Amino acid sequence: MEEDNKLMYKDETHVVFIKYTSAVLILVAMIFHVAGITPWNSILQMIAASGWIYVGWKWKEKAILLNFIPQFAIIIPMLIWIYYIKDTGL
């Protein structure tokens with residue numbers, strides 16, 4: 001069992017780097033959100049979510065994928081609504 005874990009995480013330092021980078025980007029996106037810096041908060045959130053999706057895929061961790069994949073279905077339509085549809089009167 002322990003040998004399986006060693007094989008799973010062997011040579012995956014790039015995954016750990018992506019994980020921590022994505023975590024920091026999510027925190028920065030939250031700061032941007034509170035400061036009202038839109039759409040950059042959403043763009044950073046999606047970049048970070050992409051990193052977490054990669055990590056979840058590499059680690060075969062379905063809970064991570066379940067958390068971050070739906071964010072695109074939430075963020076992208078809202079950005080389209082805010083910046084392209086809202087003021088057109090549709």
# chains A, B, ... in the order shown; residues from 1 in each chain; ligands from 1
call {"tool": "residues_around", "arguments": {"residues": "A:Val28", "least_positions_apart": "5", "cutoff": "10 Å", "atoms": "only C-alpha atoms", "output": "PyMOL selection string"}}
result
chain A and resi 22-23+33-34+40-41+44-45+48
call {"tool": "residues_around", "arguments": {"residues": "stretch 66-80 of chain A", "least_positions_apart": "4", "cutoff": "9 Å", "atoms": "only C-alpha atoms", "output": "list of chain:residue names"}}
result
A:Pro39, A:Ser42, A:Ile43, A:Gln45, A:Met46, A:Ala49, A:Ser50, A:Trp52, A:Ile53, A:Glu61, A:Lys62, A:Tyr84, A:Ile85, A:Lys86
call {"tool": "write_last_selection", "arguments": {"atoms": "N, CA and C atoms", "output": "CSV table (one decimal), in the first residue's frame"}}
result
chain,number,residue,atom,x,y,z
A,39,PRO,N,-14.0,42.0,-14.1
A,39,PRO,CA,-14.1,40.6,-14.1
A,39,PRO,C,-12.9,39.8,-13.7
A,42,SER,N,-13.1,36.9,-11.5
A,42,SER,CA,-13.7,35.7,-12.1
A,42,SER,C,-12.6,35.0,-13.0
A,43,ILE,N,-11.8,35.8,-13.7
A,43,ILE,CA,-10.8,35.3,-14.5
A,43,ILE,C,-9.8,34.6,-13.7
A,45,GLN,N,-10.2,33.3,-10.7
A,45,GLN,CA,-10.9,32.1,-10.2
A,45,GLN,C,-10.9,31.0,-11.2
A,46,MET,N,-11.2,31.3,-12.5
A,46,MET,CA,-11.2,30.2,-13.5
A,46,MET,C,-9.8,29.7,-13.8
A,49,ALA,N,-9.2,27.5,-10.8
A,49,ALA,CA,-10.0,26.3,-10.9
A,49,ALA,C,-9.4,25.3,-11.9
A,50,SER,N,-8.9,25.9,-13.0
A,50,SER,CA,-8.2,25.0,-14.0
A,50,SER,C,-7.1,24.2,-13.4
A,52,TRP,N,-6.7,23.5,-10.2
A,52,TRP,CA,-7.3,22.4,-9.3
A,52,TRP,C,-7.9,21.3,-10.1
A,53,ILE,N,-8.5,21.5,-11.2
A,53,ILE,CA,-9.1,20.4,-12.0
A,53,ILE,C,-7.9,19.5,-12.5
A,61,GLU,N,-8.9,12.4,-7.8
A,61,GLU,CA,-9.7,12.9,-6.6
A,61,GLU,C,-11.0,13.5,-7.1
A,62,LYS,N,-12.1,12.8,-7.0
A,62,LYS,CA,-13.4,13.2,-7.6
A,62,LYS,C,-14.0,14.4,-6.8
A,84,TYR,N,-22.6,41.4,-21.6
A,84,TYR,CA,-23.1,41.4,-23.0
A,84,TYR,C,-24.6,41.4,-23.1
A,85,ILE,N,-25.3,40.9,-22.1
A,85,ILE,CA,-26.8,40.8,-22.3
A,85,ILE,C,-27.5,41.8,-21.4
A,86,LYS,N,-27.0,42.0,-20.2
A,86,LYS,CA,-27.8,42.8,-19.1
A,86,LYS,C,-28.2,44.2,-19.7
call {"tool": "residues_around", "arguments": {"residues": "A:Ile18", "least_positions_apart": "3", "cutoff": "8 Å", "atoms": "only C-alpha atoms", "output": "ChimeraX atom specification"}}
result
/A:14-15,21-22,51-52,55
call {"tool": "select_by_dssp", "arguments": {"residues": "chain A", "states": "alpha helix (DSSP H)", "output": "ChimeraX atom specification"}}
result
/A:2-9,13-35,40-59,62-80
call {"tool": "atom_distance", "arguments": {"atom1": "atom CA of A:Phe17", "atom2": "atom CA of A:Leu65"}}
result
17.7 Å
call {"tool": "atom_distance", "arguments": {"atom1": "atom CA of A:Ile37", "atom2": "atom CA of A:Tyr20"}}
result
22.7 Å
call {"tool": "closest_residue", "arguments": {"among": "A:Val24, A:Phe32, A:Ile47, A:Thr38", "to": "A:Ile82", "atoms": "only C-alpha atoms"}}
result
A:Thr38
call {"tool": "atom_distance", "arguments": {"atom1": "atom CA of A:Trp59", "atom2": "atom CA of A:Val16"}}
result
10.5 Å
